[in-house]
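Coordinates as given in final_25.pdb (PDB, C-alpha atoms, pLDDT in the B column):
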ATOM      1  CA  THR A  89      19.800 -45.784  -3.574  1.00 46.00           C
ATOM      2  CA  VAL A  90      17.794 -43.451  -1.390  1.00 44.00           C
ATOM      3  CA  SER A  91      19.828 -40.455  -2.454  1.00 44.00           C
ATOM      4  CA  VAL A  92      19.476 -41.429  -6.118  1.00 45.00           C
ATOM      5  CA  LEU A  93      15.700 -41.726  -5.830  1.00 40.00           C
ATOM      6  CA  TYR A  94      15.574 -38.381  -4.062  1.00 40.00           C
ATOM      7  CA  CYS A  95      17.438 -36.724  -6.910  1.00 41.00           C
ATOM      8  CA  VAL A  96      15.141 -38.293  -9.486  1.00 41.00           C
ATOM      9  CA  PHE A  97      11.865 -37.295  -7.841  1.00 42.00           C
ATOM     10  CA  GLN A  98      12.962 -33.848  -6.690  1.00 46.00           C
ATOM     11  CA  LYS A  99      10.909 -31.108  -8.294  1.00 50.00           C
ATOM     12  CA  THR A 100      12.712 -28.713 -10.572  1.00 52.00           C
ATOM     13  CA  PRO A 101      12.318 -25.061  -9.531  1.00 54.00           C
ATOM     14  CA  LYS A 102      10.036 -22.973 -11.674  1.00 58.00           C
ATOM     15  CA  LYS A 103      11.516 -20.112 -13.637  1.00 58.00           C
ATOM     16  CA  GLN A 104      10.386 -16.746 -12.379  1.00 60.00           C
ATOM     17  CA  LYS A 105       9.067 -14.317 -14.943  1.00 58.00           C
ATOM     18  CA  PRO A 106      10.890 -10.975 -15.146  1.00 53.00           C
ATOM     19  CA  SER A 107       9.062  -8.245 -13.293  1.00 52.00           C
ATOM     20  CA  THR A 108       7.690  -5.417 -15.416  1.00 49.00           C
ATOM     21  CA  LYS A 109       6.943  -3.142 -12.454  1.00 52.00           C
ATOM     22  CA  MET A 110       8.720   0.165 -12.019  1.00 54.00           C
ATOM     23  CA  VAL A 111      11.801  -0.059  -9.782  1.00 65.00           C
ATOM     24  CA  ARG A 112      11.039   2.164  -6.817  1.00 77.00           C
ATOM     25  CA  PRO A 113      13.737   3.679  -4.565  1.00 87.00           C
ATOM     26  CA  PHE A 114      14.311   1.766  -1.343  1.00 91.00           C
ATOM     27  CA  LEU A 115      15.036   4.984   0.584  1.00 94.00           C
ATOM     28  CA  LYS A 116      12.603   7.739   1.498  1.00 94.00           C
ATOM     29  CA  HIS A 117      13.220  11.452   1.997  1.00 95.00           C
ATOM     30  CA  TYR A 118      12.371  12.490   5.575  1.00 97.00           C
ATOM     31  CA  GLN A 119      12.292  15.850   7.314  1.00 96.00           C
ATOM     32  CA  VAL A 120      12.808  15.496  11.073  1.00 97.00           C
ATOM     33  CA  VAL A 121      12.332  18.389  13.498  1.00 97.00           C
ATOM     34  CA  GLY A 122      13.525  18.139  17.086  1.00 96.00           C
ATOM     35  CA  ARG A 123      15.000  19.946  20.053  1.00 96.00           C
ATOM     36  CA  ALA A 124      16.459  19.425  23.506  1.00 95.00           C
ATOM     37  CA  THR A 125      13.984  18.827  26.327  1.00 95.00           C
ATOM     38  CA  PRO A 126      13.031  22.147  28.005  1.00 95.00           C
ATOM     39  CA  THR A 127      14.527  22.636  31.476  1.00 93.00           C
ATOM     40  CA  ASP A 128      14.524  25.352  34.112  1.00 94.00           C
ATOM     41  CA  ALA A 129      17.903  26.561  32.875  1.00 93.00           C
ATOM     42  CA  ASN A 130      16.772  26.554  29.202  1.00 93.00           C
ATOM     43  CA  PRO A 131      12.963  26.749  28.968  1.00 93.00           C
ATOM     44  CA  ASN A 132      12.991  27.591  25.216  1.00 94.00           C
ATOM     45  CA  PRO A 133      15.626  25.413  23.499  1.00 95.00           C
ATOM     46  CA  THR A 134      16.553  25.885  19.861  1.00 95.00           C
ATOM     47  CA  VAL A 135      14.581  23.811  17.363  1.00 96.00           C
ATOM     48  CA  PHE A 136      16.625  22.034  14.687  1.00 97.00           C
ATOM     49  CA  LYS A 137      15.509  20.557  11.363  1.00 96.00           C
ATOM     50  CA  TYR A 138      17.428  17.957   9.353  1.00 95.00           C
ATOM     51  CA  GLU A 139      16.609  16.163   6.121  1.00 95.00           C
ATOM     52  CA  VAL A 140      17.693  12.524   6.037  1.00 95.00           C
ATOM     53  CA  PHE A 141      17.256   9.548   3.711  1.00 95.00           C
ATOM     54  CA  ALA A 142      16.205   6.307   5.400  1.00 95.00           C
ATOM     55  CA  HIS A 143      14.154   3.140   4.937  1.00 94.00           C
ATOM     56  CA  ASN A 144      11.455   4.122   7.455  1.00 94.00           C
ATOM     57  CA  HIS A 145      10.666   6.683  10.159  1.00 95.00           C
ATOM     58  CA  VAL A 146      12.512   4.666  12.839  1.00 95.00           C
ATOM     59  CA  VAL A 147      15.815   4.791  10.939  1.00 95.00           C
ATOM     60  CA  ALA A 148      15.148   8.446  10.064  1.00 96.00           C
ATOM     61  CA  LYS A 149      14.857   9.391  13.745  1.00 96.00           C
ATOM     62  CA  SER A 150      17.997   7.398  14.544  1.00 95.00           C
ATOM     63  CA  ARG A 151      19.944   9.306  11.878  1.00 94.00           C
ATOM     64  CA  PHE A 152      18.490  12.585  13.152  1.00 96.00           C
ATOM     65  CA  TRP A 153      19.776  11.978  16.691  1.00 96.00           C
ATOM     66  CA  ARG A 154      23.141  10.968  15.296  1.00 94.00           C
ATOM     67  CA  LEU A 155      23.404  14.373  13.585  1.00 93.00           C
ATOM     68  CA  MET A 156      22.113  16.154  16.684  1.00 95.00           C
ATOM     69  CA  ASN A 157      24.722  14.458  18.845  1.00 95.00           C
ATOM     70  CA  ASP A 158      27.577  15.248  16.439  1.00 93.00           C
ATOM     71  CA  LYS A 159      26.689  18.852  15.575  1.00 93.00           C
ATOM     72  CA  ASN A 160      24.575  20.194  18.433  1.00 93.00           C
ATOM     73  CA  LYS A 161      25.664  17.969  21.360  1.00 94.00           C
ATOM     74  CA  VAL A 162      22.092  16.871  22.092  1.00 94.00           C
ATOM     75  CA  LYS A 163      21.409  13.209  22.871  1.00 94.00           C
ATOM     76  CA  SER A 164      18.159  11.340  22.258  1.00 94.00           C
ATOM     77  CA  THR A 165      17.702  10.713  25.996  1.00 94.00           C
ATOM     78  CA  LYS A 166      17.574  14.471  26.595  1.00 94.00           C
ATOM     79  CA  GLY A 167      15.650  15.557  23.514  1.00 95.00           C
ATOM     80  CA  ASP A 168      12.255  15.450  21.804  1.00 96.00           C
ATOM     81  CA  VAL A 169      11.216  14.799  18.205  1.00 96.00           C
ATOM     82  CA  LEU A 170       8.560  17.331  17.233  1.00 96.00           C
ATOM     83  CA  SER A 171       7.742  15.957  13.777  1.00 96.00           C
ATOM     84  CA  CYS A 172       8.922  13.366  11.274  1.00 96.00           C
ATOM     85  CA  SER A 173       7.365  13.693   7.818  1.00 96.00           C
ATOM     86  CA  ILE A 174       8.083  12.469   4.296  1.00 96.00           C
ATOM     87  CA  VAL A 175       9.207  15.090   1.779  1.00 94.00           C
ATOM     88  CA  ARG A 176       7.703  14.549  -1.659  1.00 91.00           C
ATOM     89  CA  ASP A 177       8.893  16.168  -4.880  1.00 87.00           C
ATOM     90  CA  LYS A 178       6.562  18.792  -6.310  1.00 87.00           C
ATOM     91  CA  LYS A 179       6.793  17.394  -9.838  1.00 86.00           C
ATOM     92  CA  ILE A 180       7.843  13.949 -11.069  1.00 86.00           C
ATOM     93  CA  ALA A 181      10.220  14.581 -13.975  1.00 90.00           C
ATOM     94  CA  ALA A 182      13.552  13.240 -15.160  1.00 91.00           C
ATOM     95  CA  ARG A 183      16.395  15.390 -13.829  1.00 94.00           C
ATOM     96  CA  ASN A 184      20.160  15.310 -13.321  1.00 96.00           C
ATOM     97  CA  TYR A 185      21.113  15.034  -9.641  1.00 96.00           C
ATOM     98  CA  ALA A 186      24.484  15.667  -8.036  1.00 96.00           C
ATOM     99  CA  VAL A 187      24.837  13.726  -4.769  1.00 96.00           C
ATOM    100  CA  SER A 188      27.683  14.817  -2.501  1.00 95.00           C
ATOM    101  CA  LEU A 189      28.555  12.193   0.089  1.00 94.00           C
ATOM    102  CA  VAL A 190      31.244  11.003   2.500  1.00 94.00           C
ATOM    103  CA  TYR A 191      32.003   7.389   3.300  1.00 93.00           C
ATOM    104  CA  TYR A 192      34.364   5.772   5.794  1.00 92.00           C
ATOM    105  CA  SER A 193      36.689   2.832   5.190  1.00 89.00           C
ATOM    106  CA  GLN A 194      39.375   1.358   7.411  1.00 85.00           C
ATOM    107  CA  LYS A 195      41.997   1.530   4.650  1.00 86.00           C
ATOM    108  CA  CYS A 196      41.530   5.123   3.497  1.00 87.00           C
ATOM    109  CA  GLY A 197      39.587   6.782   6.312  1.00 92.00           C
ATOM    110  CA  TYR A 198      37.001   9.375   5.245  1.00 92.00           C
ATOM    111  CA  THR A 199      36.567   9.977   1.512  1.00 93.00           C
ATOM    112  CA  SER A 200      34.324  12.651   0.012  1.00 94.00           C
ATOM    113  CA  MET A 201      33.002  12.626  -3.544  1.00 94.00           C
ATOM    114  CA  ILE A 202      30.249  13.957  -5.797  1.00 95.00           C
ATOM    115  CA  LYS A 203      28.304  11.534  -7.985  1.00 95.00           C
ATOM    116  CA  GLU A 204      25.864  12.260 -10.808  1.00 96.00           C
ATOM    117  CA  PHE A 205      22.672  10.319 -11.405  1.00 95.00           C
ATOM    118  CA  ARG A 206      19.625  10.569 -13.626  1.00 94.00           C
ATOM    119  CA  ASP A 207      16.333  10.060 -11.796  1.00 93.00           C
ATOM    120  CA  VAL A 208      12.834  11.420 -11.229  1.00 92.00           C
ATOM    121  CA  SER A 209      13.229  12.161  -7.485  1.00 93.00           C
ATOM    122  CA  LYS A 210      15.834  12.906  -4.851  1.00 94.00           C
ATOM    123  CA  SER A 211      15.177   9.676  -2.998  1.00 94.00           C
ATOM    124  CA  GLY A 212      15.719   7.727  -6.231  1.00 93.00           C
ATOM    125  CA  ALA A 213      19.058   9.467  -6.871  1.00 95.00           C
ATOM    126  CA  VAL A 214      20.236   8.789  -3.302  1.00 95.00           C
ATOM    127  CA  SER A 215      19.146   5.144  -3.587  1.00 94.00           C
ATOM    128  CA  GLN A 216      21.254   4.852  -6.754  1.00 94.00           C
ATOM    129  CA  ALA A 217      24.163   6.440  -4.878  1.00 95.00           C
ATOM    130  CA  TYR A 218      23.973   3.885  -2.043  1.00 95.00           C
ATOM    131  CA  ASN A 219      23.819   0.997  -4.524  1.00 94.00           C
ATOM    132  CA  ASP A 220      26.739   2.438  -6.490  1.00 94.00           C
ATOM    133  CA  MET A 221      28.860   2.874  -3.352  1.00 94.00           C
ATOM    134  CA  ALA A 222      28.108  -0.685  -2.262  1.00 93.00           C
ATOM    135  CA  ALA A 223      29.104  -2.024  -5.686  1.00 93.00           C
ATOM    136  CA  ARG A 224      32.230   0.052  -6.336  1.00 92.00           C
ATOM    137  CA  HIS A 225      33.599   0.675  -2.829  1.00 91.00           C
ATOM    138  CA  ARG A 226      31.919  -2.011  -0.673  1.00 90.00           C
ATOM    139  CA  ALA A 227      30.578   0.745   1.552  1.00 91.00           C
ATOM    140  CA  ARG A 228      27.860  -0.207   4.031  1.00 91.00           C
ATOM    141  CA  PHE A 229      24.749   1.848   4.694  1.00 91.00           C
ATOM    142  CA  ALA A 230      25.967   3.006   8.119  1.00 89.00           C
ATOM    143  CA  GLN A 231      29.331   4.132   6.677  1.00 92.00           C
ATOM    144  CA  ILE A 232      27.830   6.582   4.146  1.00 93.00           C
ATOM    145  CA  GLU A 233      26.728  10.123   4.967  1.00 92.00           C
ATOM    146  CA  VAL A 234      24.839  12.183   2.368  1.00 94.00           C
ATOM    147  CA  MET A 235      25.954  15.808   2.619  1.00 93.00           C
ATOM    148  CA  GLY A 236      23.663  17.272  -0.047  1.00 94.00           C
ATOM    149  CA  VAL A 237      21.520  16.554  -3.088  1.00 95.00           C
ATOM    150  CA  LYS A 238      20.802  19.126  -5.788  1.00 95.00           C
ATOM    151  CA  SER A 239      19.436  19.223  -9.316  1.00 95.00           C
ATOM    152  CA  ILE A 240      21.905  20.397 -11.978  1.00 95.00           C
ATOM    153  CA  PRO A 241      21.332  21.517 -15.595  1.00 95.00           C
ATOM    154  CA  ASP A 242      22.495  19.503 -18.586  1.00 93.00           C
ATOM    155  CA  ASN A 243      25.502  21.722 -19.330  1.00 93.00           C
ATOM    156  CA  GLU A 244      27.011  21.057 -15.874  1.00 94.00           C
ATOM    157  CA  CYS A 245      26.976  17.254 -16.184  1.00 94.00           C
ATOM    158  CA  ARG A 246      30.353  15.561 -16.663  1.00 93.00           C
ATOM    159  CA  ARG A 247      29.557  11.849 -16.726  1.00 92.00           C
ATOM    160  CA  ALA A 248      29.067  10.342 -20.177  1.00 91.00           C
ATOM    161  CA  TRP A 249      26.470   7.829 -19.029  1.00 89.00           C
ATOM    162  CA  VAL A 250      24.319  10.707 -17.735  1.00 92.00           C
ATOM    163  CA  LYS A 251      24.844  12.847 -20.859  1.00 92.00           C
ATOM    164  CA  GLN A 252      23.541  10.102 -23.139  1.00 91.00           C
ATOM    165  CA  PHE A 253      19.996  10.859 -21.930  1.00 91.00           C
ATOM    166  CA  HIS A 254      20.170  14.541 -22.927  1.00 92.00           C
ATOM    167  CA  SER A 255      19.556  13.956 -26.640  1.00 88.00           C
ATOM    168  CA  SER A 256      16.120  15.008 -27.885  1.00 86.00           C
ATOM    169  CA  LYS A 257      16.106  12.089 -30.365  1.00 87.00           C
ATOM    170  CA  ILE A 258      16.655   9.373 -27.771  1.00 87.00           C
ATOM    171  CA  LYS A 259      14.723   6.131 -28.359  1.00 86.00           C
ATOM    172  CA  PHE A 260      13.954   3.158 -26.139  1.00 82.00           C
ATOM    173  CA  PRO A 261      13.111  -0.329 -27.477  1.00 83.00           C
ATOM    174  CA  LEU A 262       9.820  -1.977 -26.532  1.00 81.00           C
ATOM    175  CA  LEU A 263      11.012  -5.142 -24.802  1.00 81.00           C
ATOM    176  CA  ASN A 264       7.576  -6.403 -23.739  1.00 79.00           C
ATOM    177  CA  ARG A 265       5.253  -5.527 -26.571  1.00 77.00           C
ATOM    178  CA  SER A 266       1.666  -6.349 -25.605  1.00 75.00           C
ATOM    179  CA  THR A 267      -0.681  -7.721 -28.271  1.00 73.00           C
ATOM    180  CA  LYS A 268      -4.333  -6.824 -28.571  1.00 72.00           C
ATOM    181  CA  SER A 269      -6.850  -9.258 -27.155  1.00 74.00           C
ATOM    182  CA  VAL A 270      -8.654 -11.386 -29.759  1.00 73.00           C
ATOM    183  CA  ALA A 271     -12.459 -11.522 -29.775  1.00 76.00           C
ATOM    184  CA  LYS A 272     -14.087 -14.769 -28.685  1.00 73.00           C
ATOM    185  CA  LYS A 273     -15.621 -15.418 -32.100  1.00 70.00           C
ATOM    186  CA  ASP A 274     -12.169 -15.298 -33.716  1.00 71.00           C
ATOM    187  CA  ARG A 275     -10.566 -17.828 -31.327  1.00 72.00           C
ATOM    188  CA  VAL A 276     -11.443 -20.869 -33.467  1.00 70.00           C
ATOM    189  CA  ILE A 277      -8.893 -23.511 -34.371  1.00 72.00           C
ATOM    190  CA  PHE A 278     -10.516 -24.731 -37.596  1.00 70.00           C
ATOM    191  CA  ARG A 279     -12.536 -22.476 -39.841  1.00 66.00           C
ATOM    192  CA  ALA A 280     -14.753 -23.477 -42.772  1.00 70.00           C
ATOM    193  CA  LYS A 281     -13.446 -22.168 -46.052  1.00 69.00           C
ATOM    194  CA  ASN A 282     -14.800 -22.423 -49.574  1.00 67.00           C
ATOM    195  CA  SER A 283     -12.423 -24.590 -51.590  1.00 61.00           C
ATOM    196  CA  SER A 284     -11.830 -24.021 -55.274  1.00 63.00           C
ATOM    197  CA  ARG A 285     -11.315 -27.763 -55.842  1.00 61.00           C
ATOM    198  CA  GLY A 286     -14.281 -29.922 -56.682  1.00 55.00           C
ATOM    199  CA  THR A 287     -15.417 -32.707 -54.426  1.00 54.00           C
ATOM    200  CA  LEU A 288     -14.534 -36.264 -55.383  1.00 51.00           C
TER     201      LEU A 288
END
As structure tokens, what does this structure read like?
Amino acid sequence: TVSVLYCVFQKTPKKQKPSTKMVRPFLKHYQVVGRATPTDANPNPTVFKYEVFAHNHVVAKSRFWRLMNDKNKVKSTKGDVLSCSIVRDKKIAARNYAVSLVYYSQKCGYTSMIKEFRDVSKSGAVSQAYNDMAARHRARFAQIEVMGVKSIPDNECRRAWVKQFHSSKIKFPLLNRSTKSVAKKDRVIFRAKNSSRGTL
């Protein structure tokens, strides 16, 4: 009986309203500059700059040292980060982006591919690429390496779902049409009206 009463008096969850906010990319575009720590043998080490896409500056620095270790044989324990800044696009506009990436899987090893996306920024296109790889290939964030991101013209696009946005007569439906606010004097429930019928 206790379980039955619990089921009866349990509150039903409220339905959440769909969010109308713009979907922002979950990754940011970082530019990290670093070098090996100066020593007596090498007082002026070479400075390297890498552009990475990460959630925050901590993950960006971690990815930077991963690239430094792989390509330049410099570890984080023997190096310095000179700067870590966010790269912002000069102009927010809808563009076609080609994202070249490599991902690792135990079945197939390393696989390279180029994907096309339509977005207003590089970070948004890369965020779409990570979501697409997770959905189609079950690739984790740590298993994906972005090799390059570039903007391409309309005539170089191959994917049909990207080409559908190239039409100059494209239209979008208004899903959440907002109505004008009514004045306070017009918010009456009953209004006096002259009747054509005579009174009894």
When the PyMOL selection byres ((chain A and resi 183) around 9) is applied to the structure above, which residues does it catch, written out as a PyMOL selection string? chain A and resi 181-182+184-185+205-209+239-242
Next, dump the selected residues to file, keeping only C-alpha atoms, as a PDB file, in the coordinates of the input.
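For reference, selection-v6.pdb as written:
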ATOM      1  CA  ALA A 181      10.220  14.581 -13.975  1.00 90.00           C
ATOM      2  CA  ALA A 182      13.552  13.240 -15.160  1.00 91.00           C
ATOM      3  CA  ASN A 184      20.160  15.310 -13.321  1.00 96.00           C
ATOM      4  CA  TYR A 185      21.113  15.034  -9.641  1.00 96.00           C
ATOM      5  CA  PHE A 205      22.672  10.319 -11.405  1.00 95.00           C
ATOM      6  CA  ARG A 206      19.625  10.569 -13.626  1.00 94.00           C
ATOM      7  CA  ASP A 207      16.333  10.060 -11.796  1.00 93.00           C
ATOM      8  CA  VAL A 208      12.834  11.420 -11.229  1.00 92.00           C
ATOM      9  CA  SER A 209      13.229  12.161  -7.485  1.00 93.00           C
ATOM     10  CA  SER A 239      19.436  19.223  -9.316  1.00 95.00           C
ATOM     11  CA  ILE A 240      21.905  20.397 -11.978  1.00 95.00           C
ATOM     12  CA  PRO A 241      21.332  21.517 -15.595  1.00 95.00           C
ATOM     13  CA  ASP A 242      22.495  19.503 -18.586  1.00 93.00           C
TER      14      ASP A 242
END
Could you please determine the separation between atom CA of Trp153 of chain A and atom CA of Tyr118 of chain A in Å, to one decimal place? 13.4 Å
Under the rule that all atoms listed in the file are counted, which of A:Met201, A:Val120, A:Ala129, A:Val147 is the nearest residue to Val234 of chain A? A:Met201
Within-12 Å shell of (10.7, 15.8, 8.1) in input frame, all atoms listed in the file, as a ChimeraX atom specification: /A:116-122,136-142,144-145,148-149,151-152,169-176
Would you write out those residues with C-alpha atoms, as a PDB file, in the frame of the given file?
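This went into result.pdb:
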ATOM      1  CA  LYS A 116      12.603   7.739   1.498  1.00 94.00           C
ATOM      2  CA  HIS A 117      13.220  11.452   1.997  1.00 95.00           C
ATOM      3  CA  TYR A 118      12.371  12.490   5.575  1.00 97.00           C
ATOM      4  CA  GLN A 119      12.292  15.850   7.314  1.00 96.00           C
ATOM      5  CA  VAL A 120      12.808  15.496  11.073  1.00 97.00           C
ATOM      6  CA  VAL A 121      12.332  18.389  13.498  1.00 97.00           C
ATOM      7  CA  GLY A 122      13.525  18.139  17.086  1.00 96.00           C
ATOM      8  CA  PHE A 136      16.625  22.034  14.687  1.00 97.00           C
ATOM      9  CA  LYS A 137      15.509  20.557  11.363  1.00 96.00           C
ATOM     10  CA  TYR A 138      17.428  17.957   9.353  1.00 95.00           C
ATOM     11  CA  GLU A 139      16.609  16.163   6.121  1.00 95.00           C
ATOM     12  CA  VAL A 140      17.693  12.524   6.037  1.00 95.00           C
ATOM     13  CA  PHE A 141      17.256   9.548   3.711  1.00 95.00           C
ATOM     14  CA  ALA A 142      16.205   6.307   5.400  1.00 95.00           C
ATOM     15  CA  ASN A 144      11.455   4.122   7.455  1.00 94.00           C
ATOM     16  CA  HIS A 145      10.666   6.683  10.159  1.00 95.00           C
ATOM     17  CA  ALA A 148      15.148   8.446  10.064  1.00 96.00           C
ATOM     18  CA  LYS A 149      14.857   9.391  13.745  1.00 96.00           C
ATOM     19  CA  ARG A 151      19.944   9.306  11.878  1.00 94.00           C
ATOM     20  CA  PHE A 152      18.490  12.585  13.152  1.00 96.00           C
ATOM     21  CA  VAL A 169      11.216  14.799  18.205  1.00 96.00           C
ATOM     22  CA  LEU A 170       8.560  17.331  17.233  1.00 96.00           C
ATOM     23  CA  SER A 171       7.742  15.957  13.777  1.00 96.00           C
ATOM     24  CA  CYS A 172       8.922  13.366  11.274  1.00 96.00           C
ATOM     25  CA  SER A 173       7.365  13.693   7.818  1.00 96.00           C
ATOM     26  CA  ILE A 174       8.083  12.469   4.296  1.00 96.00           C
ATOM     27  CA  VAL A 175       9.207  15.090   1.779  1.00 94.00           C
ATOM     28  CA  ARG A 176       7.703  14.549  -1.659  1.00 91.00           C
TER      29      ARG A 176
END
Do you know which residues are at most 9 Å from Tyr218 of chain A counting all atoms listed in the file, after dropping those on the same chain fewer than 2 positions away, and could you put them as a list in words? Ala213, Val214, Ser215, Gln216, Asp220, Met221, Ala222, Ala223, Ala227, Arg228, Phe229 and Ile232 of chain A
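Distances from A:Leu263, A:Val162, A:Leu115, A:Ala230 to Thr134 of chain A were compared using all atoms listed in the file, and the smallest one belongs to A:Val162.
Take atom CA of Ser193 of chain A and atom CA of Phe114 of chain A: the distance between them is 23.3 Å.
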Please supply segment 228-236 of chain A, rebuilt with all heavy atoms, as a JSON list (two decimals), in the coordinates of the input.
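Result went into rebuild21.json, see below:
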[["chain", "number", "residue", "atom", "x", "y", "z"],
["A", 228, "ARG", "N", 29.12, 0.17, 3.40],
["A", 228, "ARG", "CA", 27.86, -0.21, 4.03],
["A", 228, "ARG", "C", 26.98, 1.03, 4.22],
["A", 228, "ARG", "O", 27.41, 2.16, 4.10],
["A", 228, "ARG", "CB", 28.10, -0.87, 5.39],
["A", 228, "ARG", "CG", 28.33, -2.36, 5.34],
["A", 228, "ARG", "CD", 29.58, -2.73, 4.60],
["A", 228, "ARG", "NE", 29.87, -4.17, 4.70],
["A", 228, "ARG", "CZ", 30.89, -4.74, 4.08],
["A", 228, "ARG", "NH1", 31.70, -4.03, 3.31],
["A", 228, "ARG", "NH2", 31.09, -6.04, 4.21],
["A", 229, "PHE", "N", 25.71, 0.76, 4.53],
["A", 229, "PHE", "CA", 24.75, 1.85, 4.69],
["A", 229, "PHE", "C", 25.15, 2.77, 5.84],
["A", 229, "PHE", "O", 25.05, 4.00, 5.73],
["A", 229, "PHE", "CB", 23.35, 1.26, 4.94],
["A", 229, "PHE", "CG", 22.29, 2.29, 5.16],
["A", 229, "PHE", "CD1", 21.71, 2.95, 4.10],
["A", 229, "PHE", "CD2", 21.86, 2.62, 6.44],
["A", 229, "PHE", "CE1", 20.72, 3.91, 4.29],
["A", 229, "PHE", "CE2", 20.88, 3.57, 6.65],
["A", 229, "PHE", "CZ", 20.31, 4.21, 5.57],
["A", 230, "ALA", "N", 25.62, 2.20, 6.95],
["A", 230, "ALA", "CA", 25.97, 3.01, 8.12],
["A", 230, "ALA", "C", 27.24, 3.81, 7.92],
["A", 230, "ALA", "O", 27.51, 4.75, 8.67],
["A", 230, "ALA", "CB", 26.11, 2.11, 9.35],
["A", 231, "GLN", "N", 28.06, 3.44, 6.90],
["A", 231, "GLN", "CA", 29.33, 4.13, 6.68],
["A", 231, "GLN", "C", 29.21, 5.30, 5.71],
["A", 231, "GLN", "O", 30.20, 5.98, 5.45],
["A", 231, "GLN", "CB", 30.36, 3.13, 6.14],
["A", 231, "GLN", "CG", 30.68, 1.99, 7.10],
["A", 231, "GLN", "CD", 31.55, 0.94, 6.45],
["A", 231, "GLN", "OE1", 31.73, 0.92, 5.24],
["A", 231, "GLN", "NE2", 32.10, 0.06, 7.27],
["A", 232, "ILE", "N", 28.02, 5.54, 5.16],
["A", 232, "ILE", "CA", 27.83, 6.58, 4.15],
["A", 232, "ILE", "C", 27.01, 7.71, 4.74],
["A", 232, "ILE", "O", 25.98, 7.49, 5.37],
["A", 232, "ILE", "CB", 27.12, 6.01, 2.90],
["A", 232, "ILE", "CG1", 27.91, 4.85, 2.32],
["A", 232, "ILE", "CG2", 26.93, 7.10, 1.85],
["A", 232, "ILE", "CD1", 27.21, 4.13, 1.20],
["A", 233, "GLU", "N", 27.46, 8.94, 4.53],
["A", 233, "GLU", "CA", 26.73, 10.12, 4.97],
["A", 233, "GLU", "C", 26.47, 11.01, 3.74],
["A", 233, "GLU", "O", 27.40, 11.40, 3.03],
["A", 233, "GLU", "CB", 27.53, 10.91, 6.00],
["A", 233, "GLU", "CG", 27.62, 10.24, 7.35],
["A", 233, "GLU", "CD", 26.31, 10.25, 8.11],
["A", 233, "GLU", "OE1", 25.43, 11.07, 7.76],
["A", 233, "GLU", "OE2", 26.15, 9.44, 9.04],
["A", 234, "VAL", "N", 25.22, 11.31, 3.49],
["A", 234, "VAL", "CA", 24.84, 12.18, 2.37],
["A", 234, "VAL", "C", 24.91, 13.62, 2.85],
["A", 234, "VAL", "O", 24.19, 14.02, 3.77],
["A", 234, "VAL", "CB", 23.43, 11.84, 1.86],
["A", 234, "VAL", "CG1", 23.03, 12.79, 0.74],
["A", 234, "VAL", "CG2", 23.37, 10.40, 1.37],
["A", 235, "MET", "N", 25.77, 14.42, 2.22],
["A", 235, "MET", "CA", 25.95, 15.81, 2.62],
["A", 235, "MET", "C", 24.97, 16.75, 1.92],
["A", 235, "MET", "O", 24.58, 17.77, 2.48],
["A", 235, "MET", "CB", 27.39, 16.25, 2.32],
["A", 235, "MET", "CG", 28.45, 15.33, 2.88],
["A", 235, "MET", "SD", 28.31, 15.08, 4.66],
["A", 235, "MET", "CE", 28.70, 16.71, 5.25],
["A", 236, "GLY", "N", 24.59, 16.41, 0.69],
["A", 236, "GLY", "CA", 23.66, 17.27, -0.05],
["A", 236, "GLY", "C", 23.25, 16.65, -1.36],
["A", 236, "GLY", "O", 24.00, 15.86, -1.95]]
